[in-house]
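As provided, start.pdb (PDB, C-alpha atoms) reads as follows.
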```
ATOM      1  CA  MET A   1     -24.007 -15.710  21.390
ATOM      2  CA  ALA A   2     -20.366 -16.117  20.448
ATOM      3  CA  THR A   3     -18.139 -14.361  17.932
ATOM      4  CA  LEU A   4     -16.399 -16.438  15.275
ATOM      5  CA  LEU A   5     -12.736 -15.930  14.335
ATOM      6  CA  ILE A   6     -11.851 -17.385  10.938
ATOM      7  CA  SER A   7      -8.277 -17.681   9.717
ATOM      8  CA  HIS A   8      -5.910 -20.230   8.174
ATOM      9  CA  PRO A   9      -2.162 -21.014   8.099
ATOM     10  CA  SER A  10      -2.156 -20.628   4.300
ATOM     11  CA  PHE A  11      -2.570 -16.876   4.758
ATOM     12  CA  LEU A  12       0.970 -16.778   6.132
ATOM     13  CA  GLU A  13       2.222 -18.625   3.039
ATOM     14  CA  HIS A  14       1.137 -15.774   0.770
ATOM     15  CA  ASP A  15       4.661 -14.391   0.421
ATOM     16  CA  THR A  16       4.840 -10.919  -1.101
ATOM     17  CA  GLY A  17       8.606 -10.691  -0.941
ATOM     18  CA  PRO A  18      11.018  -8.571   1.085
ATOM     19  CA  TYR A  19      10.020  -5.018   1.987
ATOM     20  CA  HIS A  20       6.414  -5.386   0.794
ATOM     21  CA  PRO A  21       4.013  -3.653   3.236
ATOM     22  CA  GLU A  22       1.318  -6.341   2.903
ATOM     23  CA  ARG A  23       3.439  -8.988   4.587
ATOM     24  CA  PRO A  24       2.726 -12.095   6.670
ATOM     25  CA  ASP A  25       3.831 -10.336   9.852
ATOM     26  CA  ARG A  26       0.630  -8.283   9.672
ATOM     27  CA  LEU A  27      -1.485 -11.358  10.283
ATOM     28  CA  ARG A  28       0.962 -12.790  12.794
ATOM     29  CA  ALA A  29       0.607  -9.613  14.858
ATOM     30  CA  ILE A  30      -3.180  -9.891  14.892
ATOM     31  CA  LEU A  31      -3.301 -13.604  15.646
ATOM     32  CA  SER A  32      -0.752 -13.180  18.415
ATOM     33  CA  VAL A  33      -2.804 -10.568  20.256
ATOM     34  CA  LEU A  34      -5.943 -12.672  19.803
ATOM     35  CA  GLU A  35      -4.255 -15.488  21.751
ATOM     36  CA  ASP A  36      -4.596 -13.406  24.918
ATOM     37  CA  PRO A  37      -6.959 -14.987  27.499
ATOM     38  CA  ALA A  38      -9.331 -12.068  26.938
ATOM     39  CA  PHE A  39     -10.213 -13.736  23.624
ATOM     40  CA  ASP A  40     -10.779 -17.241  24.975
ATOM     41  CA  GLY A  41     -14.487 -16.816  24.248
ATOM     42  CA  LEU A  42     -13.931 -16.692  20.499
ATOM     43  CA  VAL A  43     -15.092 -19.634  18.430
ATOM     44  CA  ARG A  44     -12.226 -20.425  16.046
ATOM     45  CA  LEU A  45     -12.557 -21.898  12.574
ATOM     46  CA  ALA A  46     -10.029 -22.803   9.898
ATOM     47  CA  ALA A  47     -11.102 -21.076   6.697
ATOM     48  CA  PRO A  48     -12.390 -23.401   3.980
ATOM     49  CA  ALA A  49     -11.503 -22.838   0.354
ATOM     50  CA  ALA A  50     -14.112 -20.958  -1.650
ATOM     51  CA  SER A  51     -15.607 -22.879  -4.545
ATOM     52  CA  MET A  52     -15.440 -21.769  -8.150
ATOM     53  CA  GLU A  53     -19.201 -21.165  -7.999
ATOM     54  CA  GLU A  54     -18.799 -18.837  -5.020
ATOM     55  CA  MET A  55     -15.993 -16.796  -6.583
ATOM     56  CA  THR A  56     -17.613 -16.563 -10.020
ATOM     57  CA  ARG A  57     -20.672 -14.841  -8.589
ATOM     58  CA  VAL A  58     -18.370 -11.802  -8.546
ATOM     59  CA  HIS A  59     -15.534 -12.529 -10.983
ATOM     60  CA  PRO A  60     -15.640 -14.030 -14.511
ATOM     61  CA  ARG A  61     -14.543 -17.648 -14.579
ATOM     62  CA  ASP A  62     -11.588 -16.991 -16.867
ATOM     63  CA  TYR A  63     -10.329 -14.334 -14.442
ATOM     64  CA  VAL A  64     -10.550 -16.668 -11.433
ATOM     65  CA  GLU A  65      -8.854 -19.468 -13.335
ATOM     66  CA  ALA A  66      -6.076 -17.122 -14.439
ATOM     67  CA  ILE A  67      -5.425 -15.912 -10.887
ATOM     68  CA  LEU A  68      -5.500 -19.403  -9.375
ATOM     69  CA  GLY A  69      -3.270 -20.624 -12.191
ATOM     70  CA  ILE A  70      -0.419 -18.347 -11.108
ATOM     71  CA  ARG A  71       1.789 -20.732  -9.147
ATOM     72  CA  PRO A  72       5.450 -19.669  -9.058
ATOM     73  CA  GLY A  73       8.130 -22.086  -7.957
ATOM     74  CA  PRO A  74       9.682 -22.039  -4.476
ATOM     75  CA  GLY A  75      11.171 -18.660  -3.684
ATOM     76  CA  GLU A  76       9.841 -17.144  -6.897
ATOM     77  CA  TYR A  77       7.364 -14.283  -7.359
ATOM     78  CA  VAL A  78       4.959 -13.152 -10.051
ATOM     79  CA  GLN A  79       4.192  -9.452 -10.214
ATOM     80  CA  VAL A  80       0.477  -9.287 -11.069
ATOM     81  CA  ASP A  81       0.651  -5.497 -11.214
ATOM     82  CA  GLY A  82       2.926  -2.821  -9.785
ATOM     83  CA  ASP A  83       1.811  -3.481  -6.200
ATOM     84  CA  THR A  84       0.370  -6.984  -6.245
ATOM     85  CA  VAL A  85       2.570 -10.060  -5.896
ATOM     86  CA  MET A  86       1.891 -13.793  -5.916
ATOM     87  CA  SER A  87       4.116 -16.581  -4.625
ATOM     88  CA  GLN A  88       3.858 -20.354  -4.504
ATOM     89  CA  GLY A  89       1.400 -20.223  -1.602
ATOM     90  CA  SER A  90      -0.754 -17.373  -2.856
ATOM     91  CA  ALA A  91      -3.394 -19.258  -4.838
ATOM     92  CA  GLU A  92      -4.361 -21.339  -1.812
ATOM     93  CA  ALA A  93      -4.497 -18.234   0.368
ATOM     94  CA  VAL A  94      -6.690 -16.477  -2.208
ATOM     95  CA  ARG A  95      -9.208 -19.316  -2.212
ATOM     96  CA  ARG A  96      -9.322 -19.527   1.570
ATOM     97  CA  ALA A  97      -9.555 -15.743   2.074
ATOM     98  CA  ALA A  98     -12.742 -15.704   0.029
ATOM     99  CA  GLY A  99     -13.855 -18.919   1.720
ATOM    100  CA  ALA A 100     -13.371 -17.369   5.144
ATOM    101  CA  VAL A 101     -15.959 -14.710   4.347
ATOM    102  CA  VAL A 102     -18.346 -17.314   2.933
ATOM    103  CA  ALA A 103     -17.963 -19.299   6.162
ATOM    104  CA  GLY A 104     -18.564 -16.182   8.259
ATOM    105  CA  VAL A 105     -21.711 -15.368   6.318
ATOM    106  CA  GLU A 106     -23.019 -18.909   6.741
ATOM    107  CA  ALA A 107     -22.335 -18.873  10.475
ATOM    108  CA  VAL A 108     -24.216 -15.640  11.133
ATOM    109  CA  MET A 109     -27.058 -16.430   8.730
ATOM    110  CA  GLU A 110     -27.617 -19.827  10.348
ATOM    111  CA  GLY A 111     -27.578 -18.325  13.835
ATOM    112  CA  LYS A 112     -24.486 -20.198  14.992
ATOM    113  CA  VAL A 113     -22.822 -16.920  15.972
ATOM    114  CA  ARG A 114     -23.918 -13.309  15.918
ATOM    115  CA  THR A 115     -20.706 -11.753  14.594
ATOM    116  CA  ALA A 116     -17.583 -12.970  12.809
ATOM    117  CA  PHE A 117     -14.107 -11.649  12.057
ATOM    118  CA  ALA A 118     -12.224 -13.061   9.075
ATOM    119  CA  ALA A 119      -8.496 -12.505   9.671
ATOM    120  CA  VAL A 120      -7.350 -13.048   6.099
ATOM    121  CA  ARG A 121      -4.656 -12.345   3.562
ATOM    122  CA  PRO A 122      -4.568 -11.257   0.803
ATOM    123  CA  PRO A 123      -7.037  -8.395   1.229
ATOM    124  CA  GLY A 124      -9.747  -7.918  -1.383
ATOM    125  CA  HIS A 125     -11.485  -4.570  -1.678
ATOM    126  CA  HIS A 126      -9.373  -3.259  -4.584
ATOM    127  CA  ALA A 127     -10.111  -6.326  -6.734
ATOM    128  CA  ALA A 128     -12.671  -5.422  -9.390
ATOM    129  CA  PRO A 129     -14.459  -8.231 -11.231
ATOM    130  CA  SER A 130     -11.772  -8.501 -13.924
ATOM    131  CA  ILE A 131      -8.907  -6.407 -12.539
ATOM    132  CA  PRO A 132      -6.596  -7.184  -9.603
ATOM    133  CA  GLY A 133      -4.623  -4.478  -7.847
ATOM    134  CA  GLY A 134      -3.667  -2.791  -4.617
ATOM    135  CA  PHE A 135      -2.485  -6.099  -3.077
ATOM    136  CA  CYS A 136      -5.925  -7.629  -3.888
ATOM    137  CA  LEU A 137      -6.828 -10.556  -6.178
ATOM    138  CA  ILE A 138     -10.351 -11.760  -5.289
ATOM    139  CA  ASN A 139     -12.907  -9.424  -3.708
ATOM    140  CA  ASN A 140     -13.557 -11.282  -0.478
ATOM    141  CA  VAL A 141     -16.383  -9.096   0.857
ATOM    142  CA  ALA A 142     -18.233  -9.098  -2.461
ATOM    143  CA  VAL A 143     -18.007 -12.888  -2.618
ATOM    144  CA  GLY A 144     -19.536 -12.987   0.862
ATOM    145  CA  ALA A 145     -22.335 -10.598  -0.065
ATOM    146  CA  ARG A 146     -23.270 -12.567  -3.176
ATOM    147  CA  HIS A 147     -23.203 -15.813  -1.202
ATOM    148  CA  ALA A 148     -25.673 -14.389   1.296
ATOM    149  CA  GLN A 149     -28.000 -13.481  -1.547
ATOM    150  CA  ALA A 150     -27.610 -16.734  -3.469
ATOM    151  CA  LYS A 151     -27.828 -19.215  -0.588
ATOM    152  CA  TYR A 152     -30.045 -17.417   1.931
ATOM    153  CA  GLY A 153     -32.137 -15.101  -0.212
ATOM    154  CA  VAL A 154     -30.927 -11.988   1.588
ATOM    155  CA  GLU A 155     -32.422  -9.013  -0.228
ATOM    156  CA  ARG A 156     -30.224  -6.180   1.090
ATOM    157  CA  VAL A 157     -26.540  -6.497   1.981
ATOM    158  CA  ALA A 158     -24.455  -3.518   3.091
ATOM    159  CA  ILE A 159     -20.671  -3.321   2.831
ATOM    160  CA  LEU A 160     -19.008  -0.642   4.967
ATOM    161  CA  ASP A 161     -15.376   0.173   4.292
ATOM    162  CA  PHE A 162     -13.230   2.182   6.714
ATOM    163  CA  ASP A 163      -9.910   1.280   5.115
ATOM    164  CA  VAL A 164      -7.892   4.420   4.323
ATOM    165  CA  HIS A 165      -7.907   3.511   0.622
ATOM    166  CA  HIS A 166     -11.104   3.570  -1.425
ATOM    167  CA  GLY A 167     -12.390   0.103  -2.313
ATOM    168  CA  GLN A 168     -12.987   0.718  -5.982
ATOM    169  CA  GLY A 169     -13.285  -3.006  -6.639
ATOM    170  CA  THR A 170     -16.143  -3.387  -4.175
ATOM    171  CA  GLN A 171     -17.810  -0.265  -5.518
ATOM    172  CA  ALA A 172     -17.671  -1.690  -9.052
ATOM    173  CA  VAL A 173     -19.736  -4.664  -7.849
ATOM    174  CA  VAL A 174     -22.179  -2.620  -5.790
ATOM    175  CA  GLU A 175     -22.934   0.485  -7.860
ATOM    176  CA  PRO A 176     -25.157  -1.113 -10.554
ATOM    177  CA  ASP A 177     -27.122  -3.210  -8.034
ATOM    178  CA  PRO A 178     -29.594  -1.518  -5.660
ATOM    179  CA  THR A 179     -29.788  -4.678  -3.508
ATOM    180  CA  LEU A 180     -26.277  -3.803  -2.322
ATOM    181  CA  PHE A 181     -25.001  -0.760  -0.404
ATOM    182  CA  TYR A 182     -21.431   0.524  -0.167
ATOM    183  CA  GLY A 183     -20.248   3.225   2.220
ATOM    184  CA  SER A 184     -16.641   4.351   2.478
ATOM    185  CA  THR A 185     -14.413   6.908   4.117
ATOM    186  CA  HIS A 186     -10.939   7.171   2.613
ATOM    187  CA  GLN A 187      -8.067   9.572   2.258
ATOM    188  CA  TYR A 188      -8.101  11.560  -0.967
ATOM    189  CA  PRO A 189      -5.958  12.122  -2.927
ATOM    190  CA  LEU A 190      -4.424   8.696  -2.413
ATOM    191  CA  TYR A 191      -4.369   5.347  -4.209
ATOM    192  CA  PRO A 192      -6.498   4.359  -6.128
ATOM    193  CA  GLY A 193      -7.694   7.887  -6.888
ATOM    194  CA  THR A 194     -11.383   6.953  -6.905
ATOM    195  CA  GLY A 195     -14.180   7.505  -4.410
ATOM    196  CA  SER A 196     -15.475  10.959  -5.191
ATOM    197  CA  ALA A 197     -18.587  12.055  -3.328
ATOM    198  CA  ARG A 198     -20.185  12.309  -6.784
ATOM    199  CA  GLU A 199     -19.989   8.521  -7.180
ATOM    200  CA  THR A 200     -23.385   7.494  -5.808
ATOM    201  CA  GLY A 201     -24.362   4.298  -7.642
ATOM    202  CA  THR A 202     -27.486   3.722  -9.701
ATOM    203  CA  ASP A 203     -29.853   4.121  -6.760
ATOM    204  CA  ASN A 204     -27.888   6.240  -4.272
ATOM    205  CA  ASN A 205     -26.583   2.931  -2.968
ATOM    206  CA  VAL A 206     -22.964   4.173  -2.886
ATOM    207  CA  VAL A 207     -21.828   6.780  -0.347
ATOM    208  CA  ASN A 208     -18.251   8.023  -0.511
ATOM    209  CA  VAL A 209     -16.788  10.554   1.893
ATOM    210  CA  PRO A 210     -13.242  11.439   0.836
ATOM    211  CA  LEU A 211     -11.115  12.966   3.597
ATOM    212  CA  ARG A 212      -8.008  15.097   3.254
ATOM    213  CA  ALA A 213      -4.654  14.096   4.692
ATOM    214  CA  GLY A 214      -4.443  15.314   8.260
ATOM    215  CA  SER A 215      -8.115  14.781   8.969
ATOM    216  CA  GLY A 216      -8.478  13.315  12.427
ATOM    217  CA  SER A 217     -11.052  11.825  14.745
ATOM    218  CA  ALA A 218     -13.635  14.605  14.470
ATOM    219  CA  GLU A 219     -13.704  14.562  10.665
ATOM    220  CA  PHE A 220     -13.729  10.759  10.535
ATOM    221  CA  ARG A 221     -16.619  10.442  12.983
ATOM    222  CA  ALA A 222     -18.589  13.236  11.320
ATOM    223  CA  ALA A 223     -18.260  11.572   7.922
ATOM    224  CA  TRP A 224     -19.833   8.435   9.293
ATOM    225  CA  SER A 225     -22.417   9.917  11.651
ATOM    226  CA  GLU A 226     -23.622  12.677   9.325
ATOM    227  CA  ARG A 227     -23.251  11.122   5.881
ATOM    228  CA  ILE A 228     -22.953   7.346   5.786
ATOM    229  CA  LEU A 229     -24.776   5.948   8.814
ATOM    230  CA  PRO A 230     -28.113   7.728   8.182
ATOM    231  CA  LEU A 231     -28.238   6.365   4.618
ATOM    232  CA  LEU A 232     -27.203   2.925   5.837
ATOM    233  CA  ASP A 233     -30.037   3.045   8.372
ATOM    234  CA  ASP A 234     -32.460   3.969   5.590
ATOM    235  CA  PHE A 235     -31.175   1.062   3.482
ATOM    236  CA  ALA A 236     -32.048  -1.291   6.373
ATOM    237  CA  PRO A 237     -29.553  -4.062   5.583
ATOM    238  CA  GLU A 238     -30.375  -7.658   6.421
ATOM    239  CA  LEU A 239     -26.648  -8.388   6.680
ATOM    240  CA  VAL A 240     -23.741  -6.046   7.435
ATOM    241  CA  ILE A 241     -20.281  -6.806   6.044
ATOM    242  CA  VAL A 242     -17.315  -4.667   7.053
ATOM    243  CA  SER A 243     -14.114  -4.064   5.109
ATOM    244  CA  ALA A 244     -11.991  -3.558   8.217
ATOM    245  CA  GLY A 245      -8.819  -1.828   7.137
ATOM    246  CA  PHE A 246      -6.937  -0.198   9.998
ATOM    247  CA  ASP A 247      -4.562   1.922   7.900
ATOM    248  CA  ALA A 248      -6.419   5.145   8.695
ATOM    249  CA  HIS A 249      -4.667   4.929  12.082
ATOM    250  CA  ARG A 250      -2.384   7.867  12.834
ATOM    251  CA  ALA A 251       0.612   5.491  13.146
ATOM    252  CA  ASP A 252       0.182   3.936   9.711
ATOM    253  CA  PRO A 253       3.107   4.538   7.334
ATOM    254  CA  LEU A 254       1.077   4.487   4.094
ATOM    255  CA  ALA A 255      -1.435   7.254   4.833
ATOM    256  CA  GLN A 256      -2.074  10.357   6.923
ATOM    257  CA  LEU A 257      -5.638  10.313   8.233
ATOM    258  CA  GLU A 258      -4.671  10.546  11.930
ATOM    259  CA  VAL A 259      -7.485   8.301  13.168
ATOM    260  CA  GLU A 260      -7.167   6.866  16.697
ATOM    261  CA  THR A 261      -7.816   3.319  17.874
ATOM    262  CA  GLU A 262     -10.839   4.601  19.819
ATOM    263  CA  ASP A 263     -12.408   5.813  16.577
ATOM    264  CA  PHE A 264     -12.459   2.274  15.216
ATOM    265  CA  VAL A 265     -14.158   1.139  18.435
ATOM    266  CA  TRP A 266     -16.759   3.889  18.101
ATOM    267  CA  LEU A 267     -17.490   3.036  14.471
ATOM    268  CA  THR A 268     -17.653  -0.695  15.154
ATOM    269  CA  GLU A 269     -20.276  -0.074  17.823
ATOM    270  CA  GLU A 270     -22.266   2.194  15.495
ATOM    271  CA  LEU A 271     -22.288  -0.501  12.813
ATOM    272  CA  LEU A 272     -23.273  -3.128  15.339
ATOM    273  CA  ALA A 273     -26.200  -0.951  16.436
ATOM    274  CA  ILE A 274     -27.467  -0.763  12.861
ATOM    275  CA  ALA A 275     -27.004  -4.512  12.485
ATOM    276  CA  ASP A 276     -29.088  -4.930  15.649
ATOM    277  CA  ARG A 277     -31.882  -2.774  14.265
ATOM    278  CA  HIS A 278     -32.149  -4.334  10.843
ATOM    279  CA  ALA A 279     -30.136  -7.559  10.582
ATOM    280  CA  GLN A 280     -30.737  -9.442  13.846
ATOM    281  CA  GLY A 281     -27.222  -8.390  14.829
ATOM    282  CA  ARG A 282     -25.594 -10.220  11.907
ATOM    283  CA  LEU A 283     -22.229  -8.646  11.083
ATOM    284  CA  VAL A 284     -19.212 -10.152   9.332
ATOM    285  CA  SER A 285     -15.964  -8.191   9.490
ATOM    286  CA  VAL A 286     -13.101  -8.870   7.075
ATOM    287  CA  LEU A 287      -9.509  -7.715   7.385
ATOM    288  CA  GLU A 288      -8.269  -5.372   4.673
ATOM    289  CA  GLY A 289      -5.298  -2.995   5.232
ATOM    290  CA  GLY A 290      -3.206  -1.756   8.160
ATOM    291  CA  TYR A 291       0.575  -1.612   7.965
ATOM    292  CA  ASP A 292       1.960  -0.492  11.326
ATOM    293  CA  LEU A 293       2.128  -3.770  13.219
ATOM    294  CA  ASN A 294       1.481  -2.376  16.693
ATOM    295  CA  ALA A 295      -1.374  -0.120  15.600
ATOM    296  CA  LEU A 296      -2.850  -2.926  13.503
ATOM    297  CA  ALA A 297      -2.759  -5.444  16.355
ATOM    298  CA  GLU A 298      -4.222  -2.983  18.853
ATOM    299  CA  SER A 299      -6.944  -1.802  16.491
ATOM    300  CA  ALA A 300      -7.943  -5.292  15.410
ATOM    301  CA  ALA A 301      -8.029  -6.469  19.024
ATOM    302  CA  THR A 302     -10.334  -3.668  20.149
ATOM    303  CA  HIS A 303     -12.500  -4.221  17.060
ATOM    304  CA  VAL A 304     -12.890  -7.900  17.925
ATOM    305  CA  GLN A 305     -13.601  -7.044  21.556
ATOM    306  CA  SER A 306     -16.495  -4.874  20.365
ATOM    307  CA  LEU A 307     -17.810  -7.766  18.281
ATOM    308  CA  MET A 308     -17.568 -10.065  21.283
ATOM    309  CA  ARG A 309     -19.424  -7.638  23.555
ATOM    310  CA  ALA A 310     -22.228  -7.450  21.003
ATOM    311  CA  GLY A 311     -22.411 -11.230  20.914
ATOM    312  CA  GLU A 312     -22.667 -11.406  24.682
ATOM    313  CA  GLY A 313     -25.695  -9.160  24.526
ATOM    314  CA  GLY A 314     -27.545 -11.340  22.078
TER     315      GLY A 314
END
```
Transcribe the structure of this file into C-alpha cells.
Amino acid sequence: MATLLISHPSFLEHDTGPYHPERPDRLRAILSVLEDPAFDGLVRLAAPAASMEEMTRVHPRDYVEAILGIRPGPGEYVQVDGDTVMSQGSAEAVRRAAGAVVAGVEAVMEGKVRTAFAAVRPPGHHAAPSIPGGFCLINNVAVGARHAQAKYGVERVAILDFDVHHGQGTQAVVEPDPTLFYGSTHQYPLYPGTGSARETGTDNNVVNVPLRAGSGSAEFRAAWSERILPLLDDFAPELVIVSAGFDAHRADPLAQLEVETEDFVWLTEELLAIADRHAQGRLVSVLEGGYDLNALAESAATHVQSLMRAGEGG
C-alpha cells in the first residue's frame, strides 16, 4: 500500500521575511529531494484548505478568524509575536497546512494509503488553542487528531513529537483529554521553556523527556525506548500522528542535541511498529522544524523512505 505525500505551492508563499530561519527554502529543499526517482512510488496530493469546522475543533472561532484575517499587502509583514511573521500569502498557507493533515488522516483512515507525510509550512506544534508562537499559527497535528475522532470515531490518537523544541501548544490540547496521548523529546533549557518530566497530563497521557544540550544518539534513543515507547504501546493508539521536526540534528543551527540522521530512521521504524500493532499501520507524519537545509532534506528523505517501506509491507 502506498505512502501519500501532501503539499501545496501556497506553502512557499508564506513569506517570513529576510533572515528568518523558518523560510520557504526549507520546503524547497525537501520537495527537491523527493523528486528523486527513488520516490516515484509516492502518491502526491495538493493539500486542500481546512474548513472552519475542522480548525475550530482545536481553536476558538474568534482566534481562527483573527489569524486568517491578517492579510498584509504585497511585500509587507505582520509580526504576530517576536518570532512569528505573516505575509500576504500566509493565511492561505495556514489553512492548507491544517488541511494537509486532515487529508492525510482521511487517506489512512479510509485505507487509501497506509502512511502519509504532510510537507507543510507554517509548522504548528507551538500553537496553543488561543496563542500563536514559535513560527506556528494553527496546530496542524491537533486539528488532524480531532478530525480523526470527529469523523471516524477514533477513540485513541497518539501524537509523537521529536522536534528539538517542546510542542507546548499540542500538549495544551492533549493534557486534559485521556483519549489523546502526547510524547516528546526536546532540548531543555530551550524555547519555549516547557516540557518538564513532571508534566504528565490528567491521566498520564503526556510523556516529556527533556534532554540537555550535547545529548546525542544514545540519550535520544534511550529516552524513546525506555520512557516514551512503552507508554505509547500501553496506550494502544488507533492512529499515530508524528510531529516530525528535524532540528534535533547535529547540524541544526538553532539547537545542540547532536542527533544523527540514522536516529530519525530508527525512531520512525519504532513508531511504525507500534502503528502496526495497534492502528493497522496508520501513521500520518507532519513537518515541523529543521533549519539546516542539507540536514533537513536528508532527514526528511530517509523518514519518507521508512514510511514507504512500511507501506510496501502492508
What are the nearest atom pairs, with distances in Å to one decimal, for all residues of region 104-216 of chain A that come at most 6 Å from region 271-288 of chain A, using only C-alpha atoms, set out by chain and rising residue number as CSV?
```
residue,atom,partner,partner_atom,distance
A:Val108,CA,A:Arg282,CA,5.6
A:Arg114,CA,A:Arg282,CA,5.3
A:Thr115,CA,A:Leu283,CA,4.9
A:Ala116,CA,A:Val284,CA,4.8
A:Phe117,CA,A:Ser285,CA,4.7
A:Ala118,CA,A:Val286,CA,4.7
A:Ala119,CA,A:Leu287,CA,5.4
A:Val120,CA,A:Leu287,CA,5.9
A:Pro123,CA,A:Glu288,CA,4.7
```
Neighbouring residues of region 37-43 of chain A were defined as those with any atom within 9 Å, considering only C-alpha atoms; residues of the same chain fewer than 6 positions away were excluded. Please report them as an MDAnalysis selection string. chainID A and resid 2:6 113 301 304:305 308
Name the residues in contact with Gly183 (chain A) at a cut-off of 6 Å, using all atoms listed in the file, excluding same-chain residues fewer than 3 positions from it; report them as a ChimeraX atom specification. /A:160,206-208
Residue neighbourhood region 76-82 of chain A, 12 Å, only C-alpha atoms, exclusion window fewer than 4 positions, as a ChimeraX atom specification: /A:14-18,20,66-72,86-91,127,131-137
What does the structure give for the distance between CA of Arg250 (chain A) and CA of Ala310 (chain A), in Å to one decimal?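 The value is 26.4 Å.
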CA of Pro48 (chain A) to CA of Val33 (chain A), straight-line distance in Å: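 If I compute the distance from CA of Val33 (chain A) to CA of Pro48 (chain A), I get 22.8 Å.
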Enter the distance from CA of Arg198 (chain A) to CA of Val58 (chain A), in Å, rounded to one decimal. 24.2 Å
Counting all atoms listed in the file, which residues sit no farther than 12 Å from the position (-17.0, 12.7, 16.1) in the file's frame? I'd like them as a ChimeraX atom specification. /A:215-226,259-260,262-264,266-267,270
Return as a PyMOL selection string the set of residues that the PyMOL selection byres ((chain A and resi 240) around 6) yields on the displayed structure. chain A and resi 158+239+241+283
Just checking: using only C-alpha atoms, which residue out of A:Glu22, A:Glu312, A:Asp62, A:Asp161 ends up closest to Gly195 (chain A)?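 The closest residue to Gly195 (chain A) is A:Asp161.
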From the list A:Val209, A:Ala251, A:Ala49, A:Ala97, the nearest residue to Ala297 (chain A) using all atoms listed in the file is A:Ala251
